[in-house]
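File shown: coords_30.tsv. Contents: TSV, C-alpha atoms.
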```
chain	number	residue	atom	x	y	z
A	1	MET	CA	73.42	-62.75	-7.59
A	2	ALA	CA	74.48	-59.26	-6.50
A	3	LYS	CA	77.86	-58.18	-7.76
A	4	LYS	CA	80.44	-57.32	-5.10
A	5	ILE	CA	81.15	-53.61	-5.30
A	6	LYS	CA	84.88	-52.95	-5.28
A	7	SER	CA	87.00	-49.81	-5.25
A	8	LYS	CA	87.16	-49.72	-9.00
A	9	ASP	CA	83.36	-49.63	-9.15
A	10	THR	CA	83.19	-46.77	-6.71
A	11	VAL	CA	85.88	-44.90	-8.64
A	12	GLU	CA	83.83	-45.57	-11.77
A	13	LEU	CA	80.82	-43.90	-10.15
A	14	HIS	CA	83.00	-40.94	-9.13
A	15	SER	CA	84.59	-40.64	-12.59
A	16	PHE	CA	81.27	-40.90	-14.34
A	17	MET	CA	79.84	-38.00	-12.34
A	18	GLN	CA	83.04	-35.98	-12.65
A	19	ASP	CA	83.14	-36.48	-16.43
A	20	ARG	CA	79.51	-35.47	-16.64
A	21	ARG	CA	80.25	-32.48	-14.41
A	22	THR	CA	77.34	-33.41	-12.22
A	23	LEU	CA	76.30	-30.73	-9.74
A	24	PHE	CA	73.50	-32.72	-8.23
A	25	CYS	CA	71.91	-36.13	-8.69
A	26	TYR	CA	69.21	-37.94	-6.84
A	27	SER	CA	67.63	-41.28	-7.66
A	28	GLY	CA	64.95	-42.90	-5.52
A	29	PRO	CA	61.73	-42.01	-3.73
A	30	LEU	CA	60.94	-38.35	-4.20
A	31	THR	CA	58.54	-36.45	-1.95
A	32	GLU	CA	57.74	-32.78	-1.40
A	33	ASP	CA	59.38	-33.09	2.00
A	34	LEU	CA	62.58	-34.30	0.42
A	35	LEU	CA	62.38	-31.65	-2.26
A	36	THR	CA	62.32	-28.99	0.44
A	37	THR	CA	65.48	-30.48	1.93
A	38	ILE	CA	67.39	-30.83	-1.33
A	39	SER	CA	66.39	-27.43	-2.69
A	40	ASN	CA	69.00	-25.73	-0.51
A	41	PRO	CA	72.11	-27.61	-1.67
A	42	VAL	CA	70.88	-27.26	-5.25
A	43	LYS	CA	70.50	-23.49	-4.85
A	44	HIS	CA	73.88	-23.34	-3.20
A	45	GLN	CA	75.56	-25.27	-6.00
A	46	LEU	CA	74.01	-23.01	-8.59
A	47	SER	CA	75.04	-19.83	-6.85
A	48	ASP	CA	78.57	-21.16	-6.42
A	49	LYS	CA	79.44	-21.04	-10.07
A	50	GLU	CA	80.09	-17.82	-11.92
A	51	THR	CA	76.49	-17.94	-12.95
A	52	GLU	CA	74.15	-15.05	-13.55
A	53	GLU	CA	71.38	-15.10	-11.00
A	54	VAL	CA	68.71	-15.20	-13.70
A	55	VAL	CA	70.32	-18.28	-15.25
A	56	ALA	CA	70.58	-19.98	-11.85
A	57	LYS	CA	66.89	-19.21	-11.28
A	58	ARG	CA	65.93	-20.73	-14.63
A	59	VAL	CA	67.88	-23.91	-13.84
A	60	PHE	CA	66.28	-24.07	-10.41
A	61	GLY	CA	62.84	-23.50	-11.93
A	62	VAL	CA	63.21	-26.39	-14.38
A	63	PHE	CA	64.58	-28.56	-11.58
A	64	ILE	CA	61.58	-27.86	-9.32
A	65	GLU	CA	59.03	-28.39	-12.11
A	66	GLN	CA	60.63	-31.67	-13.17
A	67	ALA	CA	60.93	-32.88	-9.57
A	68	GLN	CA	57.27	-32.08	-8.94
A	69	ASN	CA	56.35	-33.82	-12.17
A	70	ILE	CA	58.03	-36.98	-10.86
A	71	ILE	CA	56.34	-36.62	-7.47
A	72	ARG	CA	52.89	-36.25	-9.01
A	73	TYR	CA	53.03	-38.52	-12.01
A	74	SER	CA	55.66	-41.19	-11.63
A	75	TYR	CA	54.03	-44.56	-12.18
A	76	LYS	CA	56.52	-46.35	-9.97
A	77	LYS	CA	55.99	-46.04	-6.24
A	78	THR	CA	57.65	-47.41	-3.13
A	79	LYS	CA	55.87	-50.46	-1.71
A	80	THR	CA	55.40	-49.24	1.84
A	81	THR	CA	54.82	-45.49	1.59
A	82	GLY	CA	53.59	-45.13	-1.99
A	83	ASP	CA	56.14	-42.40	-2.72
A	84	SER	CA	57.01	-41.68	-6.31
A	85	ILE	CA	60.31	-42.95	-7.63
A	86	GLY	CA	62.48	-41.20	-10.19
A	87	THR	CA	65.82	-39.71	-11.02
A	88	ILE	CA	66.76	-36.10	-11.39
A	89	ALA	CA	70.15	-34.58	-12.10
A	90	ILE	CA	71.76	-31.25	-12.89
A	91	SER	CA	75.09	-31.13	-14.66
A	92	VAL	CA	77.22	-28.76	-16.67
A	93	ALA	CA	77.25	-29.39	-20.41
A	94	ASP	CA	78.89	-27.50	-23.25
A	95	GLU	CA	75.61	-25.80	-24.09
A	96	GLY	CA	74.96	-24.72	-20.51
A	97	PHE	CA	73.33	-26.41	-17.56
A	98	LEU	CA	71.67	-29.72	-18.30
A	99	ILE	CA	68.70	-30.94	-16.29
A	100	GLU	CA	67.90	-34.60	-16.75
A	101	ALA	CA	64.98	-36.55	-15.34
A	102	VAL	CA	63.73	-40.09	-15.64
A	103	ASN	CA	60.57	-41.66	-14.32
A	104	VAL	CA	58.37	-44.63	-15.13
A	105	VAL	CA	55.16	-43.63	-16.89
A	106	ASP	CA	51.73	-45.18	-17.01
A	107	PRO	CA	51.74	-47.04	-20.38
A	108	GLN	CA	48.08	-46.02	-20.82
A	109	LYS	CA	49.00	-42.34	-20.65
A	110	LYS	CA	52.20	-42.42	-22.67
A	111	ASP	CA	50.63	-41.53	-26.03
A	112	VAL	CA	48.74	-38.49	-24.75
A	113	LEU	CA	51.83	-37.23	-22.97
A	114	GLU	CA	53.98	-37.75	-26.04
A	115	ALA	CA	51.52	-35.95	-28.30
A	116	SER	CA	51.30	-32.91	-26.05
A	117	LEU	CA	55.07	-32.72	-25.62
A	118	VAL	CA	55.54	-32.88	-29.39
A	119	GLU	CA	53.07	-30.00	-29.68
A	120	ILE	CA	54.95	-27.99	-27.05
A	121	SER	CA	58.32	-28.68	-28.66
A	122	MET	CA	57.17	-27.13	-31.92
A	123	LYS	CA	56.18	-23.79	-30.45
A	124	ASP	CA	58.36	-20.70	-30.30
A	125	GLN	CA	58.70	-18.46	-27.24
A	126	LYS	CA	55.78	-16.27	-28.23
A	127	GLU	CA	53.48	-19.24	-28.83
A	128	LEU	CA	54.56	-20.86	-25.57
A	129	ARG	CA	53.73	-17.69	-23.68
A	130	GLU	CA	50.26	-17.64	-25.26
A	131	LEU	CA	49.71	-21.34	-24.58
A	132	TYR	CA	50.76	-20.83	-20.97
A	133	LYS	CA	48.29	-17.98	-20.50
A	134	GLN	CA	45.53	-19.94	-22.19
A	135	ARG	CA	46.16	-22.96	-19.97
A	136	LEU	CA	46.23	-20.72	-16.91
A	137	ARG	CA	42.88	-19.13	-17.80
A	138	GLU	CA	41.08	-22.22	-19.02
A	139	GLY	CA	42.54	-24.91	-16.81
A	140	PRO	CA	43.70	-28.36	-17.98
A	141	PRO	CA	41.97	-30.13	-20.89
A	142	GLU	CA	39.38	-32.88	-20.22
A	143	ASP	CA	41.81	-35.76	-19.88
A	144	SER	CA	44.57	-34.22	-17.82
A	145	ALA	CA	47.16	-36.82	-18.70
A	146	GLY	CA	48.83	-34.57	-21.23
A	147	ALA	CA	51.76	-32.29	-20.43
A	148	GLY	CA	50.49	-29.50	-18.24
A	149	LEU	CA	51.49	-26.03	-17.17
A	150	GLY	CA	54.75	-27.35	-15.72
A	151	PHE	CA	56.03	-28.62	-19.06
A	152	ILE	CA	55.02	-25.43	-20.84
A	153	GLU	CA	56.84	-23.47	-18.12
A	154	MET	CA	59.94	-25.64	-18.57
A	155	ALA	CA	59.84	-25.19	-22.33
A	156	ARG	CA	59.92	-21.42	-21.82
A	157	ARG	CA	62.94	-21.54	-19.52
A	158	VAL	CA	65.20	-23.91	-21.47
A	159	LYS	CA	67.21	-23.14	-24.57
A	160	LYS	CA	66.07	-26.52	-25.90
A	161	PHE	CA	64.70	-29.77	-24.58
A	162	GLU	CA	64.55	-33.36	-25.73
A	163	PHE	CA	62.44	-36.21	-24.50
A	164	ASP	CA	62.07	-39.88	-25.16
A	165	PHE	CA	60.18	-42.94	-24.09
A	166	VAL	CA	62.42	-45.90	-23.46
A	167	GLU	CA	61.48	-49.50	-22.71
A	168	SER	CA	63.55	-50.79	-19.84
A	169	ASP	CA	62.91	-53.88	-17.73
A	170	HIS	CA	59.28	-54.09	-18.96
A	171	GLU	CA	58.73	-50.51	-17.86
A	172	ALA	CA	58.04	-47.45	-19.97
A	173	LEU	CA	60.52	-44.77	-18.97
A	174	PHE	CA	59.99	-41.11	-19.67
A	175	VAL	CA	63.36	-39.46	-20.27
A	176	TYR	CA	63.81	-35.68	-20.25
A	177	ARG	CA	66.77	-33.41	-21.05
A	178	GLY	CA	66.60	-29.64	-20.84
A	179	TRP	CA	69.44	-27.18	-21.42
A	180	VAL	CA	69.56	-23.78	-19.75
A	181	SER	CA	72.05	-21.02	-20.52
B	1	MET	CA	47.78	-10.50	9.66
B	2	ILE	CA	51.23	-11.81	8.85
B	3	PHE	CA	52.02	-15.10	7.15
B	4	GLU	CA	55.75	-15.48	7.78
B	5	ALA	CA	57.91	-16.56	4.85
B	6	GLY	CA	58.79	-20.24	4.81
B	7	PRO	CA	61.61	-22.03	2.96
B	8	ARG	CA	59.28	-22.36	-0.02
B	9	THR	CA	56.64	-19.69	0.60
B	10	PRO	CA	56.64	-15.89	0.49
B	11	LEU	CA	55.98	-13.40	3.26
B	12	VAL	CA	52.38	-12.20	3.15
B	13	GLU	CA	51.28	-9.16	5.15
B	14	LEU	CA	47.63	-8.23	5.06
B	15	THR	CA	45.88	-5.20	6.55
B	16	ALA	CA	42.50	-3.59	5.88
B	17	SER	CA	44.17	-1.36	3.29
B	18	SER	CA	47.12	-3.34	1.97
B	19	CYS	CA	48.63	-6.60	0.92
B	20	LEU	CA	52.35	-7.31	0.60
B	21	ILE	CA	53.69	-10.53	-0.92
B	22	ARG	CA	57.44	-10.92	-1.07
B	23	GLY	CA	59.84	-13.82	-1.65
B	24	GLU	CA	59.68	-17.12	-3.47
B	25	CYS	CA	56.65	-19.33	-3.95
B	26	TYR	CA	56.81	-23.08	-4.64
B	27	PRO	CA	54.98	-24.65	-1.70
B	28	GLU	CA	54.64	-28.38	-1.02
B	29	ASN	CA	50.89	-28.00	-1.22
B	30	ILE	CA	49.65	-24.83	-2.88
B	31	SER	CA	45.99	-25.08	-1.73
B	32	GLU	CA	46.99	-25.72	1.85
B	33	TRP	CA	49.14	-22.59	1.87
B	34	SER	CA	46.92	-20.32	-0.21
B	35	GLU	CA	43.50	-21.03	1.34
B	36	PRO	CA	44.09	-19.09	4.57
B	37	VAL	CA	45.82	-16.32	2.62
B	38	LEU	CA	42.87	-15.88	0.26
B	39	LYS	CA	40.39	-16.11	3.13
B	40	THR	CA	42.23	-13.36	5.04
B	41	LEU	CA	42.44	-11.25	1.88
B	42	GLU	CA	38.67	-11.57	1.49
B	43	GLU	CA	38.14	-10.42	5.07
B	44	CYS	CA	40.55	-7.50	4.70
B	45	LEU	CA	38.89	-6.31	1.50
B	46	SER	CA	35.42	-6.37	3.03
B	47	GLN	CA	36.55	-4.69	6.26
B	48	GLY	CA	38.51	-1.86	4.66
B	49	GLN	CA	36.84	1.38	3.70
B	50	GLY	CA	39.09	3.20	1.27
B	51	GLU	CA	41.76	2.18	-1.18
B	52	PHE	CA	43.50	-1.18	-1.15
B	53	LYS	CA	47.14	-1.31	-2.19
B	54	VAL	CA	48.82	-4.54	-3.28
B	55	ASP	CA	52.61	-4.90	-3.55
B	56	ILE	CA	53.97	-8.10	-5.03
B	57	GLU	CA	57.68	-8.81	-5.26
B	58	LEU	CA	58.40	-12.41	-6.21
B	59	TYR	CA	61.81	-13.72	-7.23
B	60	TYR	CA	60.56	-17.15	-8.24
B	61	PHE	CA	57.28	-19.06	-8.37
B	62	ASN	CA	56.44	-22.48	-9.81
B	63	SER	CA	53.60	-23.39	-12.16
B	64	SER	CA	51.25	-24.42	-9.34
B	65	SER	CA	51.74	-21.00	-7.77
B	66	ALA	CA	50.95	-19.34	-11.10
B	67	LYS	CA	47.47	-20.79	-10.79
B	68	PHE	CA	47.16	-19.33	-7.29
B	69	LEU	CA	48.34	-15.90	-8.51
B	70	PHE	CA	45.83	-16.06	-11.34
B	71	ASP	CA	43.02	-16.76	-8.86
B	72	PHE	CA	44.37	-14.07	-6.53
B	73	PHE	CA	44.27	-11.44	-9.29
B	74	GLU	CA	40.89	-12.63	-10.52
B	75	PHE	CA	39.52	-12.10	-7.02
B	76	LEU	CA	41.02	-8.60	-6.82
B	77	GLU	CA	39.58	-7.75	-10.24
B	78	GLU	CA	36.10	-8.86	-9.16
B	79	SER	CA	36.37	-6.67	-6.06
B	80	ALA	CA	37.48	-3.72	-8.16
B	81	GLU	CA	34.61	-4.29	-10.58
B	82	GLY	CA	32.35	-4.20	-7.53
B	83	GLY	CA	33.56	-0.70	-6.70
B	84	LYS	CA	36.63	-1.24	-4.50
B	85	ALA	CA	39.60	1.04	-5.38
B	86	ILE	CA	42.52	-1.35	-5.85
B	87	THR	CA	46.08	-0.60	-6.93
B	88	ILE	CA	48.51	-3.40	-7.73
B	89	ASN	CA	52.28	-2.89	-7.93
B	90	TRP	CA	54.16	-5.74	-9.61
B	91	ARG	CA	57.74	-5.30	-8.49
B	92	TYR	CA	60.56	-6.93	-10.44
B	93	ARG	CA	64.30	-6.59	-11.02
B	94	ALA	CA	65.75	-5.20	-14.25
B	95	GLU	CA	67.52	-8.37	-15.48
B	96	ASP	CA	64.60	-10.62	-14.60
B	97	ASP	CA	62.78	-11.26	-17.90
B	98	THR	CA	60.74	-14.05	-16.34
B	99	MET	CA	59.21	-11.91	-13.61
B	100	GLN	CA	58.75	-8.98	-15.99
B	101	GLU	CA	56.84	-11.16	-18.45
B	102	ALA	CA	54.77	-12.66	-15.66
B	103	GLY	CA	53.80	-9.18	-14.49
B	104	GLU	CA	52.83	-8.18	-18.03
B	105	ASP	CA	50.78	-11.34	-18.49
B	106	PHE	CA	48.79	-10.90	-15.29
B	107	GLU	CA	48.15	-7.27	-16.24
B	108	GLU	CA	46.26	-8.40	-19.35
B	109	ASP	CA	43.34	-9.67	-17.31
B	110	LEU	CA	43.15	-6.66	-15.01
B	111	SER	CA	41.28	-3.54	-16.10
B	112	ALA	CA	39.26	-2.43	-13.07
B	113	CYS	CA	42.37	-2.53	-10.87
B	114	ALA	CA	45.08	0.10	-11.30
B	115	TYR	CA	48.27	-1.75	-12.16
B	116	ASN	CA	51.90	-0.67	-12.16
B	117	MET	CA	55.03	-2.48	-13.25
B	118	VAL	CA	57.70	-1.32	-10.82
B	119	LEU	CA	61.44	-1.81	-11.37
B	120	VAL	CA	63.33	-2.49	-8.16
B	121	ASP	CA	67.07	-2.31	-7.43
B	122	ASP	CA	69.00	-5.32	-6.22
B	123	GLU	CA	69.35	-3.48	-2.91
B	124	SER	CA	65.73	-4.17	-2.09
B	125	LYS	CA	66.61	-7.87	-1.76
```
Transcribe the structure of this file into structure tokens.
Amino acid sequence: MAKKIKSKDTVELHSFMQDRRTLFCYSGPLTEDLLTTISNPVKHQLSDKETEEVVAKRVFGVFIEQAQNIIRYSYKKTKTTGDSIGTIAISVADEGFLIEAVNVVDPQKKDVLEASLVEISMKDQKELRELYKQRLREGPPEDSAGAGLGFIEMARRVKKFEFDFVESDHEALFVYRGWVS
Amino acid sequence: MIFEAGPRTPLVELTASSCLIRGECYPENISEWSEPVLKTLEECLSQGQGEFKVDIELYYFNSSSAKFLFDFFEFLEESAEGGKAITINWRYRAEDDTMQEAGEDFEEDLSACAYNMVLVDDESK
């Protein structure tokens, strides 16, 4: 039975986002159309702070790549339109801007994705730049379920990133956190 | 031929002797946007007689667009190898490491084309 939402629940939502210093959060069906629409408020929010333009651009870049990753690869879709479902948020953390993303992944592809992300996470800036160029020149590997150009790009822009696979409600969730400063 | 800038696509101006690309590039569908651009570029290169000058000034592009840029440069390089005189100016702002690195990386695969890394002031925005 659905719980009745009261004022205290709504305040809880407000406080949670305030405490997290959330600049932007979206959870639901994500499409390119929607991304076009939400890009503007996101850009606006980022330019509002006393942020260097290059930092704002890096945050925006990671945001776009992660959003497009959800759009293309989320395993959970809406019933009627088949749009990808996921969550993406930008907040302010002590170490800089934090971009978080969650989407359901295909359990069959989880291991390949995990392996390639582990590989990416172990490379330094120089190696990432080389890997990026190599991927650009040669194209994606045979089974393109691994992390692609987008994840390599994100790894280059963030100060650090963390990822996880979490079981939730019989679904395999891919969880991403990237910090930009 | 002018492809007006969109909310997520750059301005592209093509003539028989030049190509200007300026703005941001992260289109909804990269092939849909780039196909007519590449087709027009092909026509311009074959129509033109003398030198062909390319000016690119991008502030941001996503990973899908990187693939397009790679193909774009590859096409220019092939034309230059075929005898066409092509000069490419990669324009970027001083504090923008990302765009500077991108320019340097694309340069690596271009030898038949003349290539210049050009620093621009903020004013040019």
Write out as JSON lines the residues of chain B that have any atom within 7 Å of an atom of chain A, one row each with the nearest atom pair and its distance in Å to one decimal, counting only C-alpha atoms, sorted by chain and then rising number.
```
{"residue": "B:Glu28", "atom": "CA", "partner": "A:Glu32", "partner_atom": "CA", "distance": 5.4}
{"residue": "B:Asn62", "atom": "CA", "partner": "A:Gly61", "partner_atom": "CA", "distance": 6.8}
{"residue": "B:Ser63", "atom": "CA", "partner": "A:Gly150", "partner_atom": "CA", "distance": 5.4}
{"residue": "B:Lys67", "atom": "CA", "partner": "A:Leu136", "partner_atom": "CA", "distance": 6.2}
{"residue": "B:Asp96", "atom": "CA", "partner": "A:Val54", "partner_atom": "CA", "distance": 6.2}
```
Residue selection dump (C-alpha atoms) as an mmCIF file, in the coordinates of the input:
```
data_model
loop_
_atom_site.group_PDB
_atom_site.id
_atom_site.type_symbol
_atom_site.label_atom_id
_atom_site.label_comp_id
_atom_site.auth_asym_id
_atom_site.auth_seq_id
_atom_site.Cartn_x
_atom_site.Cartn_y
_atom_site.Cartn_z
ATOM 1 C CA GLU B 28 54.640 -28.380 -1.020
ATOM 2 C CA ASN B 62 56.440 -22.480 -9.810
ATOM 3 C CA SER B 63 53.600 -23.390 -12.160
ATOM 4 C CA LYS B 67 47.470 -20.790 -10.790
ATOM 5 C CA ASP B 96 64.600 -10.620 -14.600
#
```
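Distance annotation: of B:Leu69, B:Ser46, B:Ser79, B:Asp121, the residue with the minimal separation from Asp105 in chain B is B:Leu69; atom set is only C-alpha atoms.
Counting only C-alpha atoms, Glu104 in chain B has the following residues at most 9 Å away, ignoring those fewer than 4 positions along the same chain: Trp90, Met99, Gln100, Glu108 and Met117 of chain B.
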Write out as a compact mmCIF listing (two decimals) with C-alpha atoms, in the frame of the given file the residues lying within 9 Å of Ser116 in chain A, counting all atoms listed in the file and excluding same-chain residues fewer than 5 positions away.
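Heads up, here's the output in around-v8.txt:
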```txt
# COMPACT_ATOMS: atom_id res chain seq x y z
CA ASP A 111 50.63 -41.53 -26.03
CA SER A 121 58.32 -28.68 -28.66
CA GLY A 146 48.83 -34.57 -21.23
CA ALA A 147 51.76 -32.29 -20.43
CA GLY A 148 50.49 -29.50 -18.24
```
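Across the structure, CA of Ser15 in chain A and CA of Leu98 in chain A are spaced 17.9 Å apart.
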- Message: Please list as number ranges by chain every residue within 8 Å of range 34-37 of chain B, counting only C-alpha atoms and excluding residues in the same chain fewer than 5 positions away.
- Response: B: 3, 12, 68
